[in-house]
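The file work.cif contains mmCIF, C-alpha atoms; chains and numbers go by the auth columns:
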```cif
data_model
#
loop_
_atom_site.group_PDB
_atom_site.id
_atom_site.type_symbol
_atom_site.label_atom_id
_atom_site.label_comp_id
_atom_site.label_asym_id
_atom_site.label_seq_id
_atom_site.Cartn_x
_atom_site.Cartn_y
_atom_site.Cartn_z
_atom_site.B_iso_or_equiv
_atom_site.auth_seq_id
_atom_site.auth_asym_id
ATOM 1 C CA MET A 1 76.960 87.344 115.238 0.00 1 A
ATOM 2 C CA GLN A 2 78.640 90.734 115.540 0.00 2 A
ATOM 3 C CA GLY A 3 75.965 91.708 118.066 0.00 3 A
ATOM 4 C CA ASN A 4 73.400 92.382 115.345 0.00 4 A
ATOM 5 C CA THR A 5 70.861 89.594 115.794 0.00 5 A
ATOM 6 C CA ARG A 6 67.830 91.685 114.843 0.00 6 A
ATOM 7 C CA ARG A 7 68.347 91.437 111.085 0.00 7 A
ATOM 8 C CA THR A 8 71.074 88.809 110.798 0.00 8 A
ATOM 9 C CA GLY A 9 70.562 86.591 107.775 0.00 9 A
ATOM 10 C CA ILE A 10 67.821 88.722 106.186 0.00 10 A
ATOM 11 C CA MET A 11 68.484 90.039 102.696 0.00 11 A
ATOM 12 C CA THR A 12 65.997 92.435 101.170 0.00 12 A
ATOM 13 C CA ASP A 13 65.851 93.563 97.524 0.00 13 A
ATOM 14 C CA VAL A 14 67.857 96.613 98.625 0.00 14 A
ATOM 15 C CA HIS A 15 70.693 94.397 99.904 0.00 15 A
ATOM 16 C CA ARG A 16 70.548 92.140 96.853 0.00 16 A
ATOM 17 C CA ARG A 17 70.773 95.019 94.366 0.00 17 A
ATOM 18 C CA PHE A 18 73.621 96.585 96.357 0.00 18 A
ATOM 19 C CA LEU A 19 75.545 93.292 96.321 0.00 19 A
ATOM 20 C CA GLN A 20 74.934 92.785 92.596 0.00 20 A
ATOM 21 C CA LEU A 21 76.201 96.272 91.739 0.00 21 A
ATOM 22 C CA LEU A 22 79.245 95.953 94.013 0.00 22 A
ATOM 23 C CA MET A 23 80.093 92.674 92.274 0.00 23 A
ATOM 24 C CA THR A 24 79.962 94.503 88.941 0.00 24 A
ATOM 25 C CA HIS A 25 82.400 97.183 90.132 0.00 25 A
ATOM 26 C CA GLY A 26 84.723 94.833 92.059 0.00 26 A
ATOM 27 C CA VAL A 27 85.874 97.640 94.356 0.00 27 A
ATOM 28 C CA LEU A 28 84.496 101.078 95.266 0.00 28 A
ATOM 29 C CA GLU A 29 85.575 104.023 97.398 0.00 29 A
ATOM 30 C CA GLU A 30 83.484 104.589 100.537 0.00 30 A
ATOM 31 C CA CYS A 31 81.790 107.724 99.213 0.00 31 A
ATOM 32 C CA ASP A 32 80.635 105.747 96.149 0.00 32 A
ATOM 33 C CA VAL A 33 79.494 102.840 98.351 0.00 33 A
ATOM 34 C CA LYS A 34 77.280 105.250 100.315 0.00 34 A
ATOM 35 C CA ARG A 35 75.862 106.644 97.068 0.00 35 A
ATOM 36 C CA LEU A 36 75.216 103.105 95.858 0.00 36 A
ATOM 37 C CA GLN A 37 73.398 102.254 99.093 0.00 37 A
ATOM 38 C CA LYS A 38 71.173 105.356 98.759 0.00 38 A
ATOM 39 C CA HIS A 39 70.462 104.470 95.123 0.00 39 A
ATOM 40 C CA CYS A 40 69.347 100.938 96.096 0.00 40 A
ATOM 41 C CA TYR A 41 67.012 102.279 98.793 0.00 41 A
ATOM 42 C CA LYS A 42 65.582 104.778 96.303 0.00 42 A
ATOM 43 C CA VAL A 43 64.862 102.024 93.772 0.00 43 A
ATOM 44 C CA HIS A 44 63.391 99.426 96.157 0.00 44 A
ATOM 45 C CA ASP A 45 62.377 100.995 99.474 0.00 45 A
ATOM 46 C CA CYS A 46 62.368 104.785 99.211 0.00 46 A
ATOM 47 C CA ASN A 47 60.349 105.296 102.423 0.00 47 A
ATOM 48 C CA ALA A 48 62.679 103.248 104.635 0.00 48 A
ATOM 49 C CA THR A 49 65.316 104.788 106.889 0.00 49 A
ATOM 50 C CA ILE A 50 68.733 104.143 105.371 0.00 50 A
ATOM 51 C CA GLU A 51 70.555 101.660 107.583 0.00 51 A
ATOM 52 C CA LYS A 52 73.962 102.638 108.973 0.00 52 A
ATOM 53 C CA LEU A 53 76.504 101.474 106.367 0.00 53 A
ATOM 54 C CA GLU A 54 78.428 99.249 108.789 0.00 54 A
ATOM 55 C CA ASP A 55 75.230 97.454 109.901 0.00 55 A
ATOM 56 C CA PHE A 56 74.019 97.232 106.303 0.00 56 A
ATOM 57 C CA ILE A 57 77.243 95.507 105.202 0.00 57 A
ATOM 58 C CA ASN A 58 77.390 93.281 108.326 0.00 58 A
ATOM 59 C CA ASN A 59 73.896 92.119 107.463 0.00 59 A
ATOM 60 C CA ILE A 60 74.939 91.157 103.919 0.00 60 A
ATOM 61 C CA ASN A 61 78.138 89.504 105.215 0.00 61 A
ATOM 62 C CA SER A 62 76.189 87.333 107.656 0.00 62 A
ATOM 63 C CA VAL A 63 74.353 85.836 104.651 0.00 63 A
ATOM 64 C CA LEU A 64 77.502 85.547 102.525 0.00 64 A
ATOM 65 C CA GLU A 65 79.446 83.833 105.334 0.00 65 A
ATOM 66 C CA SER A 66 78.322 80.319 104.361 0.00 66 A
ATOM 67 C CA LEU A 67 79.498 81.009 100.786 0.00 67 A
ATOM 68 C CA TYR A 68 82.971 82.079 102.003 0.00 68 A
ATOM 69 C CA ILE A 69 82.491 85.521 100.475 0.00 69 A
ATOM 70 C CA GLU A 70 82.750 88.827 102.332 0.00 70 A
ATOM 71 C CA ILE A 71 82.475 92.543 101.649 0.00 71 A
ATOM 72 C CA LYS A 72 85.778 93.708 103.083 0.00 72 A
ATOM 73 C CA LYS A 73 86.837 97.236 103.992 0.00 73 A
ATOM 74 C CA GLY A 74 90.373 98.494 103.420 0.00 74 A
ATOM 75 C CA VAL A 75 92.213 101.702 102.607 0.00 75 A
ATOM 76 C CA THR A 76 94.242 102.794 99.600 0.00 76 A
ATOM 77 C CA GLU A 77 97.968 102.624 100.284 0.00 77 A
ATOM 78 C CA ASP A 78 98.839 105.968 98.724 0.00 78 A
ATOM 79 C CA ASP A 79 96.350 108.287 100.440 0.00 79 A
ATOM 80 C CA GLY A 80 94.265 106.274 102.918 0.00 80 A
ATOM 81 C CA ARG A 81 90.898 106.480 101.182 0.00 81 A
ATOM 82 C CA PRO A 82 88.473 103.843 102.554 0.00 82 A
ATOM 83 C CA ILE A 83 87.507 101.239 99.951 0.00 83 A
ATOM 84 C CA TYR A 84 85.189 98.235 99.887 0.00 84 A
ATOM 85 C CA ALA A 85 85.651 95.068 97.834 0.00 85 A
ATOM 86 C CA LEU A 86 83.851 91.755 97.522 0.00 86 A
ATOM 87 C CA VAL A 87 86.441 89.166 98.593 0.00 87 A
ATOM 88 C CA ASN A 88 86.419 85.410 98.046 0.00 88 A
ATOM 89 C CA LEU A 89 87.632 83.818 101.309 0.00 89 A
ATOM 90 C CA ALA A 90 87.568 80.253 99.980 0.00 90 A
ATOM 91 C CA THR A 91 90.466 80.694 97.571 0.00 91 A
ATOM 92 C CA THR A 92 93.992 81.551 98.673 0.00 92 A
ATOM 93 C CA SER A 93 95.220 81.933 95.087 0.00 93 A
ATOM 94 C CA ILE A 94 94.432 84.201 92.152 0.00 94 A
ATOM 95 C CA SER A 95 91.788 81.758 90.910 0.00 95 A
ATOM 96 C CA LYS A 96 89.080 84.444 91.058 0.00 96 A
ATOM 97 C CA MET A 97 90.744 86.015 88.023 0.00 97 A
ATOM 98 C CA ALA A 98 90.708 82.726 86.076 0.00 98 A
ATOM 99 C CA SER A 99 87.296 83.330 84.505 0.00 99 A
ATOM 100 C CA ASP A 100 88.427 86.671 83.047 0.00 100 A
ATOM 101 C CA PHE A 101 91.984 85.864 81.933 0.00 101 A
ATOM 102 C CA ALA A 102 93.771 83.150 79.942 0.00 102 A
ATOM 103 C CA GLU A 103 96.498 80.956 81.469 0.00 103 A
ATOM 104 C CA ASN A 104 99.374 82.984 79.972 0.00 104 A
ATOM 105 C CA GLU A 105 97.711 86.235 81.120 0.00 105 A
ATOM 106 C CA LEU A 106 97.375 84.923 84.684 0.00 106 A
ATOM 107 C CA ASP A 107 101.013 83.903 84.604 0.00 107 A
ATOM 108 C CA LEU A 108 101.945 87.432 83.505 0.00 108 A
ATOM 109 C CA PHE A 109 100.066 88.716 86.563 0.00 109 A
ATOM 110 C CA ARG A 110 101.971 86.270 88.811 0.00 110 A
ATOM 111 C CA LYS A 111 105.287 87.485 87.364 0.00 111 A
ATOM 112 C CA ALA A 112 104.282 91.128 87.896 0.00 112 A
ATOM 113 C CA LEU A 113 103.092 90.314 91.437 0.00 113 A
ATOM 114 C CA GLU A 114 106.402 88.657 92.289 0.00 114 A
ATOM 115 C CA LEU A 115 108.413 91.644 91.024 0.00 115 A
ATOM 116 C CA ILE A 116 106.181 94.043 92.998 0.00 116 A
ATOM 117 C CA ILE A 117 106.479 92.019 96.233 0.00 117 A
ATOM 118 C CA ASP A 118 110.265 91.655 95.854 0.00 118 A
ATOM 119 C CA SER A 119 110.879 95.357 95.163 0.00 119 A
ATOM 120 C CA ASP A 120 111.786 97.896 97.854 0.00 120 A
ATOM 121 C CA THR A 121 109.364 100.467 96.451 0.00 121 A
ATOM 122 C CA GLY A 122 106.321 98.257 95.862 0.00 122 A
ATOM 123 C CA PHE A 123 106.484 98.990 92.126 0.00 123 A
ATOM 124 C CA ALA A 124 107.656 96.993 89.101 0.00 124 A
ATOM 125 C CA SER A 125 108.594 98.696 85.845 0.00 125 A
ATOM 126 C CA SER A 126 106.765 97.686 82.668 0.00 126 A
ATOM 127 C CA THR A 127 110.183 96.949 81.115 0.00 127 A
ATOM 128 C CA ASN A 128 111.052 94.399 83.818 0.00 128 A
ATOM 129 C CA ILE A 129 107.633 92.756 83.571 0.00 129 A
ATOM 130 C CA LEU A 130 107.725 92.576 79.756 0.00 130 A
ATOM 131 C CA ASN A 131 111.215 91.047 79.859 0.00 131 A
ATOM 132 C CA LEU A 132 109.638 87.943 81.454 0.00 132 A
ATOM 133 C CA VAL A 133 107.168 87.341 78.597 0.00 133 A
ATOM 134 C CA ASP A 134 109.278 84.493 77.154 0.00 134 A
ATOM 135 C CA GLN A 135 108.928 82.563 80.436 0.00 135 A
ATOM 136 C CA LEU A 136 105.111 82.531 80.509 0.00 136 A
ATOM 137 C CA LYS A 137 103.109 79.304 80.781 0.00 137 A
ATOM 138 C CA GLY A 138 100.542 78.517 78.089 0.00 138 A
ATOM 139 C CA LYS A 139 100.268 80.202 74.697 0.00 139 A
ATOM 140 C CA LYS A 140 103.210 82.349 73.626 0.00 140 A
ATOM 141 C CA MET A 141 102.719 86.106 74.050 0.00 141 A
ATOM 142 C CA ARG A 142 104.409 88.995 72.277 0.00 142 A
ATOM 143 C CA LYS A 143 105.500 92.053 74.248 0.00 143 A
ATOM 144 C CA LYS A 144 102.870 94.183 72.483 0.00 144 A
ATOM 145 C CA GLU A 145 100.147 91.738 73.601 0.00 145 A
ATOM 146 C CA ALA A 146 101.589 91.735 77.128 0.00 146 A
ATOM 147 C CA GLU A 147 101.357 95.545 77.253 0.00 147 A
ATOM 148 C CA HIS A 148 97.670 95.246 76.364 0.00 148 A
ATOM 149 C CA VAL A 149 97.142 92.582 79.064 0.00 149 A
ATOM 150 C CA LEU A 150 98.780 94.823 81.697 0.00 150 A
ATOM 151 C CA GLN A 151 96.274 97.537 80.762 0.00 151 A
ATOM 152 C CA LYS A 152 93.467 94.986 81.189 0.00 152 A
ATOM 153 C CA PHE A 153 94.722 94.370 84.739 0.00 153 A
ATOM 154 C CA VAL A 154 94.619 98.145 85.348 0.00 154 A
ATOM 155 C CA GLN A 155 91.081 98.450 83.947 0.00 155 A
ATOM 156 C CA SER A 156 89.928 95.490 86.067 0.00 156 A
ATOM 157 C CA LYS A 157 91.416 97.168 89.160 0.00 157 A
ATOM 158 C CA TRP A 158 94.038 94.521 89.914 0.00 158 A
ATOM 159 C CA LEU A 159 96.979 96.806 89.144 0.00 159 A
ATOM 160 C CA ILE A 160 97.646 100.554 89.230 0.00 160 A
ATOM 161 C CA GLU A 161 100.001 102.185 86.731 0.00 161 A
ATOM 162 C CA LYS A 162 102.040 105.286 87.564 0.00 162 A
ATOM 163 C CA GLU A 163 104.527 106.635 85.021 0.00 163 A
ATOM 164 C CA GLY A 164 105.306 103.264 83.459 0.00 164 A
ATOM 165 C CA GLU A 165 105.481 101.394 86.772 0.00 165 A
ATOM 166 C CA PHE A 166 102.906 99.022 88.223 0.00 166 A
ATOM 167 C CA THR A 167 101.779 98.329 91.777 0.00 167 A
ATOM 168 C CA LEU A 168 98.850 96.429 93.291 0.00 168 A
ATOM 169 C CA HIS A 169 95.419 98.026 93.408 0.00 169 A
ATOM 170 C CA GLY A 170 93.686 98.102 96.802 0.00 170 A
ATOM 171 C CA ARG A 171 91.311 95.454 95.454 0.00 171 A
ATOM 172 C CA ALA A 172 94.204 93.039 94.822 0.00 172 A
ATOM 173 C CA ILE A 173 95.634 93.658 98.299 0.00 173 A
ATOM 174 C CA LEU A 174 92.273 92.942 99.963 0.00 174 A
ATOM 175 C CA GLU A 175 91.590 89.926 97.761 0.00 175 A
ATOM 176 C CA MET A 176 95.058 88.360 97.851 0.00 176 A
ATOM 177 C CA ASP A 177 96.328 89.174 101.344 0.00 177 A
ATOM 178 C CA GLN A 178 96.437 85.539 102.486 0.00 178 A
ATOM 179 C CA TYR A 179 97.778 84.269 99.143 0.00 179 A
ATOM 180 C CA ILE A 180 100.632 86.822 99.169 0.00 180 A
ATOM 181 C CA ARG A 181 101.575 86.041 102.801 0.00 181 A
ATOM 182 C CA GLU A 182 101.632 82.287 102.077 0.00 182 A
ATOM 183 C CA THR A 183 103.350 82.459 98.677 0.00 183 A
ATOM 184 C CA TYR A 184 106.059 85.014 99.498 0.00 184 A
ATOM 185 C CA PRO A 185 106.717 84.545 103.247 0.00 185 A
ATOM 186 C CA ASP A 186 110.321 85.793 103.017 0.00 186 A
ATOM 187 C CA ALA A 187 109.532 88.856 100.908 0.00 187 A
ATOM 188 C CA VAL A 188 106.292 90.023 102.554 0.00 188 A
ATOM 189 C CA LYS A 189 106.376 93.429 104.255 0.00 189 A
ATOM 190 C CA VAL A 190 104.048 94.397 107.092 0.00 190 A
ATOM 191 C CA CYS A 191 103.191 97.881 108.376 0.00 191 A
ATOM 192 C CA ASN A 192 104.658 98.549 111.836 0.00 192 A
ATOM 193 C CA ILE A 193 101.530 100.475 112.853 0.00 193 A
ATOM 194 C CA CYS A 194 98.496 98.573 111.526 0.00 194 A
ATOM 195 C CA ARG A 195 100.247 95.190 110.991 0.00 195 A
ATOM 196 C CA SER A 196 98.524 94.858 107.606 0.00 196 A
ATOM 197 C CA LEU A 197 100.239 93.774 104.411 0.00 197 A
ATOM 198 C CA LEU A 198 102.375 96.597 103.013 0.00 198 A
ATOM 199 C CA ILE A 199 103.222 96.952 99.327 0.00 199 A
ATOM 200 C CA GLN A 200 104.257 100.612 99.143 0.00 200 A
ATOM 201 C CA GLY A 201 105.124 102.939 102.024 0.00 201 A
ATOM 202 C CA GLN A 202 108.017 104.557 103.898 0.00 202 A
ATOM 203 C CA SER A 203 110.807 102.862 105.861 0.00 203 A
ATOM 204 C CA CYS A 204 113.187 103.865 108.639 0.00 204 A
ATOM 205 C CA GLU A 205 116.737 104.181 107.321 0.00 205 A
ATOM 206 C CA THR A 206 118.153 103.008 110.685 0.00 206 A
ATOM 207 C CA CYS A 207 116.111 99.973 111.762 0.00 207 A
ATOM 208 C CA GLY A 208 114.256 99.241 108.508 0.00 208 A
ATOM 209 C CA ILE A 209 110.662 99.128 109.835 0.00 209 A
ATOM 210 C CA ARG A 210 108.015 100.075 107.278 0.00 210 A
ATOM 211 C CA MET A 211 104.797 102.057 107.495 0.00 211 A
ATOM 212 C CA HIS A 212 101.930 102.732 105.100 0.00 212 A
ATOM 213 C CA LEU A 213 101.733 106.384 103.991 0.00 213 A
ATOM 214 C CA PRO A 214 98.288 106.824 105.670 0.00 214 A
ATOM 215 C CA CYS A 215 99.704 105.279 108.884 0.00 215 A
ATOM 216 C CA VAL A 216 102.716 107.644 108.706 0.00 216 A
ATOM 217 C CA ALA A 217 100.299 110.572 108.259 0.00 217 A
ATOM 218 C CA LYS A 218 98.189 109.600 111.283 0.00 218 A
ATOM 219 C CA TYR A 219 101.098 108.602 113.534 0.00 219 A
ATOM 220 C CA PHE A 220 103.014 111.868 112.995 0.00 220 A
ATOM 221 C CA GLN A 221 99.920 114.066 112.591 0.00 221 A
ATOM 222 C CA SER A 222 100.731 116.485 115.402 0.00 222 A
ATOM 223 C CA ASN A 223 104.474 115.877 115.555 0.00 223 A
ATOM 224 C CA SER A 224 106.730 118.549 114.099 0.00 224 A
ATOM 225 C CA GLU A 225 109.855 116.421 114.724 0.00 225 A
ATOM 226 C CA PRO A 226 108.873 112.853 113.783 0.00 226 A
ATOM 227 C CA HIS A 227 110.890 109.962 115.211 0.00 227 A
ATOM 228 C CA CYS A 228 110.718 106.264 114.299 0.00 228 A
ATOM 229 C CA PRO A 229 108.227 104.427 116.556 0.00 229 A
ATOM 230 C CA HIS A 230 110.649 101.487 116.761 0.00 230 A
ATOM 231 C CA CYS A 231 114.201 102.870 117.196 0.00 231 A
ATOM 232 C CA ASN A 232 113.370 106.542 117.908 0.00 232 A
ATOM 233 C CA ASP A 233 115.752 107.845 115.221 0.00 233 A
ATOM 234 C CA TYR A 234 114.654 110.888 113.203 0.00 234 A
ATOM 235 C CA TRP A 235 112.108 109.969 110.494 0.00 235 A
ATOM 236 C CA PRO A 236 113.808 111.129 107.265 0.00 236 A
ATOM 237 C CA HIS A 237 110.764 111.280 104.957 0.00 237 A
ATOM 238 C CA GLU A 238 108.175 113.915 104.209 0.00 238 A
ATOM 239 C CA VAL A 239 105.054 113.225 106.275 0.00 239 A
ATOM 240 C CA PRO A 240 101.989 113.016 103.982 0.00 240 A
ATOM 241 C CA GLU A 241 98.636 114.650 104.751 0.00 241 A
ATOM 242 C CA VAL A 242 95.890 112.674 106.469 0.00 242 A
ATOM 243 C CA PHE A 243 92.952 111.853 104.182 0.00 243 A
ATOM 244 C CA ASP A 244 90.016 114.076 105.170 0.00 244 A
ATOM 245 C CA PRO A 245 86.561 112.866 104.065 0.00 245 A
ATOM 246 C CA GLU A 246 85.108 116.324 104.874 0.00 246 A
ATOM 247 C CA LYS A 247 87.317 117.930 102.213 0.00 247 A
ATOM 248 C CA GLU A 248 86.238 115.174 99.855 0.00 248 A
ATOM 249 C CA ARG A 249 82.573 115.979 100.462 0.00 249 A
ATOM 250 C CA GLU A 250 83.220 119.635 99.694 0.00 250 A
ATOM 251 C CA THR A 251 84.429 118.712 96.220 0.00 251 A
ATOM 252 C CA GLY A 252 81.264 116.630 95.879 0.00 252 A
ATOM 253 C CA MET A 253 82.924 114.074 93.659 0.00 253 A
ATOM 254 C CA SER A 254 85.330 111.177 94.173 0.00 254 A
ATOM 255 C CA ARG A 255 88.353 110.584 91.983 0.00 255 A
ATOM 256 C CA SER A 256 86.669 107.579 90.409 0.00 256 A
ATOM 257 C CA ASN A 257 83.662 109.673 89.397 0.00 257 A
ATOM 258 C CA LYS A 258 85.934 112.315 87.901 0.00 258 A
ATOM 259 C CA ARG A 259 87.723 109.636 85.923 0.00 259 A
ATOM 260 C CA SER A 260 84.481 108.114 84.637 0.00 260 A
ATOM 261 C CA LEU A 261 83.228 111.560 83.643 0.00 261 A
ATOM 262 C CA ARG A 262 86.446 112.254 81.782 0.00 262 A
ATOM 263 C CA SER A 263 86.247 108.919 79.967 0.00 263 A
ATOM 264 C CA ARG A 264 82.678 109.665 78.869 0.00 264 A
ATOM 265 C CA GLN A 265 83.734 113.016 77.474 0.00 265 A
ATOM 266 C CA HIS A 266 86.432 111.493 75.235 0.00 266 A
#
```
Rewrite the coordinates I just gave you, this time as structure tokens.
Amino acid sequence: MQGNTRRTGIMTDVHRRFLQLLMTHGVLEECDVKRLQKHCYKVHDCNATIEKLEDFINNINSVLESLYIEIKKGVTEDDGRPIYALVNLATTSISKMASDFAENELDLFRKALELIIDSDTGFASSTNILNLVDQLKGKKMRKKEAEHVLQKFVQSKWLIEKEGEFTLHGRAILEMDQYIRETYPDAVKVCNICRSLLIQGQSCETCGIRMHLPCVAKYFQSNSEPHCPHCNDYWPHEVPEVFDPEKERETGMSRSNKRSLRSRQH
């Protein structure tokens, strides 16, 4: 299994604590995952050599396989930061959220998801989402309550809010990839470079192909005159910068840590 037979299927206390803490967070950036791994070794096996992260996670996944659960790696759509999330492979719906949200709240998420998938930008305005409140299944919900529920989705890392508009968090994309492809086959967008599900990105104005911002950044990295990889017409958008983990290390702190620090200070 993945060429790593030496420790396949063996979970130590280090692995178990790591898995438990990742479950608590739902999704973490790679730099935080590495910190978490070091923390777990420090607590349970401080004299051991820290296993390479990929092997460490493969080892956990080999045990989780029979439970149809997997620690999955992805990247954020806006800037290409690597992220890890614990994904339930057995469900192709949003049933994982059912234990945390009421029926009408889940339906609000479905409505928001549909608007996001159908949009050209990958965003849905809060106004458009709230206008659908009267159509929700289950208990009636006022717009004020719905605003609060949308913030719960943001806090739980299912949605991201930017200036009154909502898009899917990287966690939701990793978790719901199959569900989105099956539920919205005619509206689904795929990146021309990595072939992964695309919610937000850039598109060619001539042929219409789409690319994730991180894929655009990498594809045109050393190209002063970018041309569409499909039709070869001039690429009309600003090419974003490639995410550089070295620069991130220099700052010594991920965005999520900065946010949590800020929230503690208030």
Inset, instruction - Spell out the residues picked by the PyMOL selection byres ((chain A and resi 126) around 9) here, as an NGL selection string. - result: :A and (112 or 124-125 or 127-131 or 147 or 150 or 164-166)
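Here the PyMOL selection byres ((chain A and resi 84-88) around 8) matches the residues A:Leu22, A:Met23, A:Gly26, A:Val27, A:Leu28, A:Glu29, A:Glu30, A:Val33, A:Tyr68, A:Ile69, A:Glu70, A:Ile71, A:Lys72, A:Lys73, A:Gly74, A:Pro82, A:Ile83, A:Leu89, A:Ala90, A:Thr91, A:Lys96, A:Arg171, A:Leu174, A:Glu175.
Nearest to Ser119 (chain A) of all the residues A:Cys46, A:Leu67, A:Ile199, A:Cys194 is A:Ile199, counting all atoms listed in the file.
Straight-line separation from CA of Gln221 (chain A) to CA of Leu197 (chain A): 21.9 Å.
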Inset, instruction - Write out as a count of residues only the residues lying within 12 Å of region 208-215 of chain A, counting only C-alpha atoms and excluding same-chain residues fewer than 2 positions away. - result: 52
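When CA of Ile180 (chain A) is paired with CA of Asp118 (chain A), their separation reads 11.3 Å.
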Legend entry - Atom pair CA of Phe56 (chain A) / CA of Ser156 (chain A): separation (Å): 25.8 Å
